[in-house]
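The file entry_9.pdb contains PDB, C-alpha atoms, pLDDT in the B column:
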```pdb
ATOM      1  CA  MET A   1      -9.326 -12.471  17.494  1.00 93.00           C
ATOM      2  CA  ILE A   2      -8.419 -11.019  14.112  1.00 97.00           C
ATOM      3  CA  LYS A   3     -11.298 -11.127  11.619  1.00 97.00           C
ATOM      4  CA  PHE A   4     -10.010  -8.643   9.023  1.00 98.00           C
ATOM      5  CA  VAL A   5      -6.505  -7.988   7.694  1.00 98.00           C
ATOM      6  CA  TYR A   6      -5.654  -4.896   5.665  1.00 98.00           C
ATOM      7  CA  PHE A   7      -2.451  -4.962   3.618  1.00 98.00           C
ATOM      8  CA  ASP A   8      -0.630  -1.910   2.305  1.00 98.00           C
ATOM      9  CA  VAL A   9       0.195  -2.206  -1.398  1.00 98.00           C
ATOM     10  CA  GLY A  10       3.520  -0.448  -2.078  1.00 95.00           C
ATOM     11  CA  GLY A  11       6.300  -1.896   0.038  1.00 96.00           C
ATOM     12  CA  VAL A  12       4.197  -4.826   1.253  1.00 98.00           C
ATOM     13  CA  VAL A  13       2.114  -6.594  -1.421  1.00 98.00           C
ATOM     14  CA  ILE A  14       4.351  -5.227  -4.178  1.00 98.00           C
ATOM     15  CA  LYS A  15       7.960  -4.086  -4.203  1.00 96.00           C
ATOM     16  CA  ASP A  16       8.101  -0.351  -4.809  1.00 92.00           C
ATOM     17  CA  PHE A  17      10.571   2.495  -4.328  1.00 84.00           C
ATOM     18  CA  SER A  18      10.557   2.142  -0.521  1.00 78.00           C
ATOM     19  CA  GLN A  19      14.106   0.875  -0.280  1.00 81.00           C
ATOM     20  CA  ARG A  20      15.313   1.612  -3.813  1.00 86.00           C
ATOM     21  CA  PRO A  21      15.820   5.361  -4.270  1.00 84.00           C
ATOM     22  CA  GLU A  22      17.849   4.663  -7.413  1.00 89.00           C
ATOM     23  CA  LEU A  23      14.594   3.702  -9.164  1.00 88.00           C
ATOM     24  CA  ARG A  24      13.058   7.057  -8.315  1.00 84.00           C
ATOM     25  CA  ARG A  25      16.188   8.879  -9.531  1.00 85.00           C
ATOM     26  CA  GLU A  26      16.051   6.844 -12.743  1.00 89.00           C
ATOM     27  CA  LEU A  27      12.422   7.856 -13.246  1.00 88.00           C
ATOM     28  CA  TRP A  28      13.241  11.510 -12.590  1.00 84.00           C
ATOM     29  CA  GLY A  29      16.004  11.385 -15.186  1.00 86.00           C
ATOM     30  CA  GLU A  30      13.639   9.826 -17.709  1.00 86.00           C
ATOM     31  CA  THR A  31      10.868  12.357 -17.146  1.00 84.00           C
ATOM     32  CA  GLY A  32      12.811  15.531 -16.390  1.00 82.00           C
ATOM     33  CA  ILE A  33      11.278  15.857 -12.936  1.00 80.00           C
ATOM     34  CA  THR A  34      13.698  16.793 -10.174  1.00 77.00           C
ATOM     35  CA  GLU A  35      13.449  15.546  -6.589  1.00 76.00           C
ATOM     36  CA  GLU A  36      12.806  19.139  -5.476  1.00 78.00           C
ATOM     37  CA  TYR A  37      10.019  19.585  -8.034  1.00 75.00           C
ATOM     38  CA  TRP A  38       8.385  16.354  -6.900  1.00 73.00           C
ATOM     39  CA  ALA A  39       8.545  17.279  -3.216  1.00 70.00           C
ATOM     40  CA  ARG A  40       7.194  20.813  -3.867  1.00 69.00           C
ATOM     41  CA  ASN A  41       4.459  20.053  -6.416  1.00 65.00           C
ATOM     42  CA  CYS A  42       3.467  16.415  -6.463  1.00 66.00           C
ATOM     43  CA  ASP A  43       4.161  14.298  -3.413  1.00 63.00           C
ATOM     44  CA  GLY A  44       1.024  14.110  -1.326  1.00 61.00           C
ATOM     45  CA  LYS A  45      -1.025  16.062  -3.873  1.00 61.00           C
ATOM     46  CA  LEU A  46      -1.443  13.619  -6.716  1.00 60.00           C
ATOM     47  CA  ASP A  47      -3.315  11.336  -4.338  1.00 50.00           C
ATOM     48  CA  LEU A  48      -6.225  13.748  -4.486  1.00 47.00           C
ATOM     49  CA  GLY A  49      -6.069  14.114  -8.230  1.00 50.00           C
ATOM     50  CA  GLN A  50      -4.497  17.558  -8.009  1.00 58.00           C
ATOM     51  CA  ILE A  51      -2.062  17.036 -10.835  1.00 61.00           C
ATOM     52  CA  PRO A  52       0.120  20.121 -11.339  1.00 65.00           C
ATOM     53  CA  ASN A  53      -0.449  21.815 -14.692  1.00 68.00           C
ATOM     54  CA  ASN A  54       3.260  22.443 -15.102  1.00 70.00           C
ATOM     55  CA  LEU A  55       4.406  18.815 -15.041  1.00 73.00           C
ATOM     56  CA  PRO A  56       7.364  18.555 -17.422  1.00 77.00           C
ATOM     57  CA  VAL A  57       5.990  15.206 -18.645  1.00 81.00           C
ATOM     58  CA  THR A  58       2.524  13.781 -19.311  1.00 81.00           C
ATOM     59  CA  TYR A  59       0.875  12.153 -16.333  1.00 81.00           C
ATOM     60  CA  SER A  60       0.382   9.002 -18.396  1.00 85.00           C
ATOM     61  CA  LYS A  61       4.142   8.699 -18.971  1.00 87.00           C
ATOM     62  CA  LEU A  62       4.834   9.389 -15.297  1.00 85.00           C
ATOM     63  CA  LEU A  63       2.333   6.733 -14.207  1.00 88.00           C
ATOM     64  CA  SER A  64       3.795   4.210 -16.652  1.00 92.00           C
ATOM     65  CA  GLY A  65       7.295   5.019 -15.386  1.00 91.00           C
ATOM     66  CA  PHE A  66       6.278   4.324 -11.804  1.00 89.00           C
ATOM     67  CA  VAL A  67       4.406   1.093 -12.442  1.00 95.00           C
ATOM     68  CA  SER A  68       7.052  -0.329 -14.781  1.00 94.00           C
ATOM     69  CA  ARG A  69       9.532  -0.134 -11.896  1.00 94.00           C
ATOM     70  CA  PHE A  70       7.305  -1.955  -9.411  1.00 95.00           C
ATOM     71  CA  GLU A  71       7.742  -5.692  -8.911  1.00 96.00           C
ATOM     72  CA  LYS A  72       5.701  -8.530  -7.531  1.00 97.00           C
ATOM     73  CA  ASN A  73       6.412  -9.595  -3.959  1.00 97.00           C
ATOM     74  CA  PRO A  74       5.890 -13.348  -4.342  1.00 97.00           C
ATOM     75  CA  SER A  75       7.067 -14.045  -0.784  1.00 98.00           C
ATOM     76  CA  ILE A  76       3.825 -12.628   0.648  1.00 98.00           C
ATOM     77  CA  TRP A  77       1.334 -14.105  -1.824  1.00 97.00           C
ATOM     78  CA  PRO A  78       0.979 -17.552  -0.175  1.00 97.00           C
ATOM     79  CA  ILE A  79       0.528 -15.828   3.176  1.00 97.00           C
ATOM     80  CA  ILE A  80      -2.294 -13.661   1.831  1.00 98.00           C
ATOM     81  CA  GLU A  81      -3.960 -16.714   0.256  1.00 97.00           C
ATOM     82  CA  SER A  82      -3.744 -18.633   3.522  1.00 96.00           C
ATOM     83  CA  VAL A  83      -5.099 -15.745   5.618  1.00 97.00           C
ATOM     84  CA  LYS A  84      -7.994 -15.334   3.165  1.00 97.00           C
ATOM     85  CA  LYS A  85      -9.210 -18.800   4.219  1.00 96.00           C
ATOM     86  CA  LYS A  86      -9.660 -17.663   7.834  1.00 96.00           C
ATOM     87  CA  ALA A  87     -10.349 -13.908   7.707  1.00 98.00           C
ATOM     88  CA  LYS A  88     -11.502 -11.173   5.389  1.00 98.00           C
ATOM     89  CA  ILE A  89      -8.737  -9.261   3.651  1.00 98.00           C
ATOM     90  CA  GLY A  90      -8.373  -5.863   2.074  1.00 98.00           C
ATOM     91  CA  LEU A  91      -6.013  -3.352   0.551  1.00 98.00           C
ATOM     92  CA  LEU A  92      -5.426  -0.019   2.288  1.00 98.00           C
ATOM     93  CA  THR A  93      -3.190   2.153   0.167  1.00 96.00           C
ATOM     94  CA  ASN A  94      -2.044   5.621  -0.816  1.00 92.00           C
ATOM     95  CA  MET A  95      -2.079   5.849  -4.584  1.00 89.00           C
ATOM     96  CA  TYR A  96      -1.917   8.363  -7.399  1.00 85.00           C
ATOM     97  CA  PRO A  97      -4.806   8.599  -9.884  1.00 86.00           C
ATOM     98  CA  LYS A  98      -5.199   5.446 -12.003  1.00 90.00           C
ATOM     99  CA  MET A  99      -2.177   3.802 -10.344  1.00 92.00           C
ATOM    100  CA  LEU A 100      -3.999   0.947  -8.609  1.00 95.00           C
ATOM    101  CA  ALA A 101      -5.780   0.041 -11.845  1.00 96.00           C
ATOM    102  CA  SER A 102      -2.433   0.063 -13.644  1.00 96.00           C
ATOM    103  CA  ILE A 103      -0.853  -2.133 -10.953  1.00 97.00           C
ATOM    104  CA  LYS A 104      -3.714  -4.614 -11.343  1.00 96.00           C
ATOM    105  CA  LYS A 105      -3.525  -4.496 -15.144  1.00 96.00           C
ATOM    106  CA  ASN A 106       0.193  -5.336 -14.945  1.00 97.00           C
ATOM    107  CA  ASP A 107      -0.566  -8.400 -12.748  1.00 97.00           C
ATOM    108  CA  LEU A 108       1.552  -7.152  -9.864  1.00 97.00           C
ATOM    109  CA  LEU A 109      -1.036  -8.174  -7.252  1.00 97.00           C
ATOM    110  CA  PRO A 110      -2.008 -11.740  -6.435  1.00 96.00           C
ATOM    111  CA  SER A 111      -5.187 -12.770  -8.242  1.00 93.00           C
ATOM    112  CA  ILE A 112      -7.348 -12.970  -5.178  1.00 95.00           C
ATOM    113  CA  ASN A 113     -10.758 -11.605  -4.347  1.00 96.00           C
ATOM    114  CA  TRP A 114     -10.092  -8.742  -1.926  1.00 98.00           C
ATOM    115  CA  ASP A 115     -13.047  -8.114   0.359  1.00 98.00           C
ATOM    116  CA  VAL A 116     -12.434  -4.359   0.585  1.00 98.00           C
ATOM    117  CA  THR A 117     -10.148  -1.917  -1.223  1.00 98.00           C
ATOM    118  CA  ILE A 118      -9.444   1.461   0.345  1.00 98.00           C
ATOM    119  CA  ASP A 119      -7.636   3.646  -2.210  1.00 95.00           C
ATOM    120  CA  SER A 120      -6.629   7.163  -1.144  1.00 91.00           C
ATOM    121  CA  VAL A 121      -7.636   8.590  -4.520  1.00 88.00           C
ATOM    122  CA  ALA A 122     -11.196   7.286  -4.271  1.00 91.00           C
ATOM    123  CA  GLU A 123     -11.544   8.203  -0.598  1.00 93.00           C
ATOM    124  CA  LYS A 124     -10.054  11.725  -0.851  1.00 89.00           C
ATOM    125  CA  ALA A 125      -8.022  10.902   2.257  1.00 91.00           C
ATOM    126  CA  ARG A 126      -4.571   9.415   2.711  1.00 91.00           C
ATOM    127  CA  LYS A 127      -2.413   7.707   5.271  1.00 94.00           C
ATOM    128  CA  PRO A 128      -1.449   8.738   7.924  1.00 95.00           C
ATOM    129  CA  GLU A 129      -4.698  10.753   8.261  1.00 94.00           C
ATOM    130  CA  ARG A 130      -7.139   9.249  10.733  1.00 97.00           C
ATOM    131  CA  LYS A 131     -10.040   9.692   8.261  1.00 97.00           C
ATOM    132  CA  ILE A 132      -8.839   6.965   5.875  1.00 97.00           C
ATOM    133  CA  PHE A 133      -8.597   4.481   8.750  1.00 98.00           C
ATOM    134  CA  GLU A 134     -12.075   5.392   9.962  1.00 98.00           C
ATOM    135  CA  ILE A 135     -13.388   4.686   6.456  1.00 98.00           C
ATOM    136  CA  ALA A 136     -11.492   1.378   6.356  1.00 98.00           C
ATOM    137  CA  GLN A 137     -12.783   0.414   9.793  1.00 98.00           C
ATOM    138  CA  GLU A 138     -16.387   1.068   8.813  1.00 98.00           C
ATOM    139  CA  ARG A 139     -16.057  -0.938   5.573  1.00 98.00           C
ATOM    140  CA  SER A 140     -14.430  -3.882   7.323  1.00 98.00           C
ATOM    141  CA  GLY A 141     -17.657  -4.619   9.188  1.00 98.00           C
ATOM    142  CA  VAL A 142     -15.787  -5.747  12.299  1.00 98.00           C
ATOM    143  CA  LYS A 143     -14.758  -4.204  15.629  1.00 98.00           C
ATOM    144  CA  PRO A 144     -11.554  -2.129  15.672  1.00 98.00           C
ATOM    145  CA  GLU A 145      -9.687  -4.654  17.817  1.00 97.00           C
ATOM    146  CA  GLU A 146     -10.500  -7.356  15.222  1.00 98.00           C
ATOM    147  CA  ILE A 147      -8.548  -5.531  12.476  1.00 98.00           C
ATOM    148  CA  LEU A 148      -4.870  -6.060  11.711  1.00 98.00           C
ATOM    149  CA  PHE A 149      -2.998  -3.646   9.442  1.00 98.00           C
ATOM    150  CA  VAL A 150       0.230  -4.757   7.706  1.00 98.00           C
ATOM    151  CA  GLU A 151       2.228  -1.654   6.717  1.00 98.00           C
ATOM    152  CA  ASN A 152       5.834  -0.708   5.924  1.00 96.00           C
ATOM    153  CA  THR A 153       5.782   2.946   7.065  1.00 95.00           C
ATOM    154  CA  PRO A 154       5.851   3.395  10.857  1.00 97.00           C
ATOM    155  CA  LYS A 155       3.985   6.749  10.869  1.00 96.00           C
ATOM    156  CA  ASN A 156       1.080   5.034   9.055  1.00 97.00           C
ATOM    157  CA  LEU A 157       0.647   2.671  12.010  1.00 98.00           C
ATOM    158  CA  GLU A 158      -0.056   5.371  14.600  1.00 98.00           C
ATOM    159  CA  ALA A 159      -3.674   6.279  13.703  1.00 98.00           C
ATOM    160  CA  PRO A 160      -4.876   2.669  13.447  1.00 98.00           C
ATOM    161  CA  LYS A 161      -3.296   1.896  16.835  1.00 98.00           C
ATOM    162  CA  MET A 162      -5.172   4.858  18.329  1.00 98.00           C
ATOM    163  CA  LEU A 163      -8.390   3.456  16.861  1.00 98.00           C
ATOM    164  CA  GLY A 164      -7.723   0.126  18.579  1.00 98.00           C
ATOM    165  CA  TRP A 165      -6.435  -1.853  15.593  1.00 98.00           C
ATOM    166  CA  GLN A 166      -3.608  -4.328  15.801  1.00 97.00           C
ATOM    167  CA  THR A 167      -0.640  -3.570  13.567  1.00 98.00           C
ATOM    168  CA  PHE A 168       2.331  -5.326  12.025  1.00 98.00           C
ATOM    169  CA  PHE A 169       5.371  -3.431  10.762  1.00 98.00           C
ATOM    170  CA  TYR A 170       6.527  -5.027   7.515  1.00 98.00           C
ATOM    171  CA  ASP A 171      10.153  -4.040   6.914  1.00 97.00           C
ATOM    172  CA  SER A 172      10.484  -3.579   3.161  1.00 95.00           C
ATOM    173  CA  SER A 173      14.269  -3.487   3.355  1.00 94.00           C
ATOM    174  CA  ASN A 174      14.054  -7.299   3.362  1.00 96.00           C
ATOM    175  CA  TYR A 175      10.831  -8.616   1.843  1.00 97.00           C
ATOM    176  CA  GLU A 176      11.597 -12.309   2.325  1.00 97.00           C
ATOM    177  CA  ARG A 177      12.550 -11.942   6.013  1.00 98.00           C
ATOM    178  CA  SER A 178       9.488  -9.766   6.678  1.00 98.00           C
ATOM    179  CA  SER A 179       7.220 -12.287   4.979  1.00 98.00           C
ATOM    180  CA  GLU A 180       8.673 -15.049   7.166  1.00 98.00           C
ATOM    181  CA  GLN A 181       8.100 -12.911  10.276  1.00 98.00           C
ATOM    182  CA  LEU A 182       4.544 -12.197   9.143  1.00 98.00           C
ATOM    183  CA  LYS A 183       3.937 -15.906   8.535  1.00 97.00           C
ATOM    184  CA  THR A 184       5.175 -16.663  12.066  1.00 97.00           C
ATOM    185  CA  TYR A 185       2.954 -13.923  13.488  1.00 97.00           C
ATOM    186  CA  PHE A 186      -0.108 -15.258  11.656  1.00 97.00           C
ATOM    187  CA  SER A 187       0.702 -18.800  12.858  1.00 95.00           C
ATOM    188  CA  GLN A 188       0.751 -17.537  16.460  1.00 95.00           C
ATOM    189  CA  ILE A 189      -2.711 -15.999  16.120  1.00 93.00           C
ATOM    190  CA  ASP A 190      -4.063 -18.988  14.186  1.00 90.00           C
ATOM    191  CA  LEU A 191      -4.474 -17.260  10.819  1.00 89.00           C
ATOM    192  CA  PHE A 192      -1.942 -19.371   8.953  1.00 79.00           C
TER     193      PHE A 192
END
```
For the file at hand, write its structure as structure tokens.
Amino acid sequence: MIKFVYFDVGGVVIKDFSQRPELRRELWGETGITEEYWARNCDGKLDLGQIPNNLPVTYSKLLSGFVSRFEKNPSIWPIIESVKKKAKIGLLTNMYPKMLASIKKNDLLPSINWDVTIDSVAEKARKPERKIFEIAQERSGVKPEEILFVENTPKNLEAPKMLGWQTFFYDSSNYERSSEQLKTYFSQIDLF
């Protein structure tokens, strides 16, 4: 029986760059950051607050550029609200410094009381590392097999499976179809 559901933020609860590389290219053009620069200096490092000193743009402008290109994913909001009535819910996400606060400030998340938020910046660990899932498991207050993780990146589902969690791959190439599949899944396990 599922007692706790963790949702990824980017590519699940909100629409991000997952399936829209043109948005990332647009941001790079605006900020002067190249794809190579990002891969070499930023990706995977900003999560820990290790912002490169030689960024060709202020971090504030970069953060604003990211968040302004994110969109709400209204197809999943009623599902989250329904699940909240039967189980605890949480966010489990890789973020850059101050990004989650900016996402919340821009009303991109449903206004719901999340039971737990696991943010890679605060935890100094990131998906797919096992450590972040161990932290999330402890904070959930339930047994591993009672946790479900909804995620759009397959490699981020491996560690929770090894810990005994249940997982759901949310295909962010089609948000509406994935939300319908998730709704069906939750109906089958009596969470919707």
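Atom CA of Gln166 of chain A lies 24.4 Å from atom CA of Ala122 of chain A.
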Applied to this file, what does the PyMOL selection byres ((chain A and resi 152-160) around 7) return in terms of residues, put as a PDB file with C-alpha atoms, in the frame of the given file?
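Listed below is the output, expr.pdb:
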```pdb
ATOM      1  CA  GLY A  11       6.300  -1.896   0.038  1.00 96.00           C
ATOM      2  CA  VAL A  12       4.197  -4.826   1.253  1.00 98.00           C
ATOM      3  CA  LYS A 127      -2.413   7.707   5.271  1.00 94.00           C
ATOM      4  CA  PRO A 128      -1.449   8.738   7.924  1.00 95.00           C
ATOM      5  CA  ARG A 130      -7.139   9.249  10.733  1.00 97.00           C
ATOM      6  CA  PHE A 133      -8.597   4.481   8.750  1.00 98.00           C
ATOM      7  CA  GLU A 151       2.228  -1.654   6.717  1.00 98.00           C
ATOM      8  CA  LYS A 161      -3.296   1.896  16.835  1.00 98.00           C
ATOM      9  CA  MET A 162      -5.172   4.858  18.329  1.00 98.00           C
ATOM     10  CA  LEU A 163      -8.390   3.456  16.861  1.00 98.00           C
ATOM     11  CA  GLY A 164      -7.723   0.126  18.579  1.00 98.00           C
ATOM     12  CA  TRP A 165      -6.435  -1.853  15.593  1.00 98.00           C
ATOM     13  CA  THR A 167      -0.640  -3.570  13.567  1.00 98.00           C
ATOM     14  CA  PHE A 169       5.371  -3.431  10.762  1.00 98.00           C
ATOM     15  CA  TYR A 170       6.527  -5.027   7.515  1.00 98.00           C
ATOM     16  CA  ASP A 171      10.153  -4.040   6.914  1.00 97.00           C
ATOM     17  CA  SER A 172      10.484  -3.579   3.161  1.00 95.00           C
TER      18      SER A 172
END
```
Residue contacts of Tyr6 of chain A (10 Å, only C-alpha atoms) excluding same-chain residues fewer than 3 positions away, as a PyMOL selection string: chain A and resi 9+88-93+114-118+136-137+140+147-151+167
Hits of the PyMOL selection byres ((chain A and resi 76) around 8) in this structure, as a ChimeraX atom specification: /A:12-13,73-75,77-80,176,179
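Across the model, the gap from atom CA of Pro97 of chain A to atom CA of Ser60 of chain A is 10.0 Å.
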Please tabulate, as a tab-separated table, the residues of segment 54-143 of chain A that come within 7 Å of segment 18-38 of chain A, each with its closest pair of atoms and the distance in Å to one decimal, counting all atoms listed in the file and ordering rows by chain, then residue number upward.
```
residue	atom	partner	partner_atom	distance
A:Pro56	CA	A:Gly32	CA	6.3
A:Val57	CA	A:Thr31	CA	5.8
A:Leu62	CA	A:Thr31	CA	7.0
A:Gly65	CA	A:Leu27	CA	6.2
A:Arg69	CA	A:Leu23	CA	6.9
```
Pull C-alpha atoms from the residues just selected and write them as a PDB file, in the coordinates of the input.
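See result28.pdb below for the written result:
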```pdb
ATOM      1  CA  PRO A  56       7.364  18.555 -17.422  1.00 77.00           C
ATOM      2  CA  VAL A  57       5.990  15.206 -18.645  1.00 81.00           C
ATOM      3  CA  LEU A  62       4.834   9.389 -15.297  1.00 85.00           C
ATOM      4  CA  GLY A  65       7.295   5.019 -15.386  1.00 91.00           C
ATOM      5  CA  ARG A  69       9.532  -0.134 -11.896  1.00 94.00           C
TER       6      ARG A  69
END
```
Counting all atoms listed in the file, the option among A:Leu191, A:Val142, A:Ala39, A:Val67 closest to Lys104 of chain A: A:Val67
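Shortest atom-to-atom contact with Phe168 of chain A among A:Glu146, A:Ser68, A:Ile132, A:Phe7: A:Phe7, counting only C-alpha atoms.
Selection result for the displayed file, with the PyMOL selection byres ((chain A and resi 3) around 6) as criterion, is Ile2, Phe4, Ala87 and Glu146 of chain A.
Closest approach to Ser111 of chain A from the set A:Tyr175, A:Lys86, A:Lys124, A:Glu81 is made by A:Glu81, with distances taken over all atoms listed in the file.
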Please rebuild segment 147-168 of chain A with N, CA and C atoms and give the result as a compact mmCIF listing (two decimals), in the coordinates of the input.
```txt
# COMPACT_ATOMS: atom_id res chain seq x y z
N ILE A 147 -9.24 -5.90 13.72
CA ILE A 147 -8.55 -5.53 12.48
C ILE A 147 -7.04 -5.55 12.70
N LEU A 148 -6.33 -6.11 11.74
CA LEU A 148 -4.87 -6.06 11.71
C LEU A 148 -4.46 -5.32 10.45
N PHE A 149 -3.50 -4.40 10.59
CA PHE A 149 -3.00 -3.65 9.44
C PHE A 149 -1.52 -3.96 9.26
N VAL A 150 -1.16 -4.43 8.06
CA VAL A 150 0.23 -4.76 7.71
C VAL A 150 0.75 -3.61 6.84
N GLU A 151 1.77 -2.91 7.33
CA GLU A 151 2.23 -1.65 6.72
C GLU A 151 3.75 -1.52 6.87
N ASN A 152 4.38 -0.86 5.89
CA ASN A 152 5.83 -0.71 5.92
C ASN A 152 6.31 0.68 6.32
N THR A 153 5.40 1.60 6.64
CA THR A 153 5.78 2.95 7.06
C THR A 153 5.30 3.17 8.50
N PRO A 154 6.24 3.28 9.44
CA PRO A 154 5.85 3.40 10.86
C PRO A 154 4.82 4.49 11.16
N LYS A 155 4.94 5.67 10.55
CA LYS A 155 3.98 6.75 10.87
C LYS A 155 2.56 6.40 10.45
N ASN A 156 2.41 5.46 9.50
CA ASN A 156 1.08 5.03 9.06
C ASN A 156 0.45 4.01 10.00
N LEU A 157 1.18 3.62 11.04
CA LEU A 157 0.65 2.67 12.01
C LEU A 157 0.09 3.37 13.25
N GLU A 158 0.36 4.65 13.39
CA GLU A 158 -0.06 5.37 14.60
C GLU A 158 -1.57 5.55 14.70
N ALA A 159 -2.22 6.05 13.66
CA ALA A 159 -3.67 6.28 13.70
C ALA A 159 -4.45 4.98 13.91
N PRO A 160 -4.11 3.89 13.19
CA PRO A 160 -4.88 2.67 13.45
C PRO A 160 -4.69 2.15 14.88
N LYS A 161 -3.51 2.31 15.44
CA LYS A 161 -3.30 1.90 16.84
C LYS A 161 -4.21 2.70 17.76
N MET A 162 -4.31 4.01 17.49
CA MET A 162 -5.17 4.86 18.33
C MET A 162 -6.64 4.47 18.20
N LEU A 163 -7.02 3.91 17.05
CA LEU A 163 -8.39 3.46 16.86
C LEU A 163 -8.64 2.08 17.48
N GLY A 164 -7.58 1.44 17.95
CA GLY A 164 -7.72 0.13 18.58
C GLY A 164 -7.36 -1.05 17.70
N TRP A 165 -6.83 -0.78 16.49
CA TRP A 165 -6.44 -1.85 15.59
C TRP A 165 -5.16 -2.50 16.09
N GLN A 166 -4.91 -3.70 15.62
CA GLN A 166 -3.61 -4.33 15.80
C GLN A 166 -2.80 -4.02 14.55
N THR A 167 -1.48 -3.94 14.71
CA THR A 167 -0.64 -3.57 13.57
C THR A 167 0.58 -4.48 13.48
N PHE A 168 1.10 -4.56 12.27
CA PHE A 168 2.33 -5.33 12.02
C PHE A 168 3.21 -4.48 11.12
```
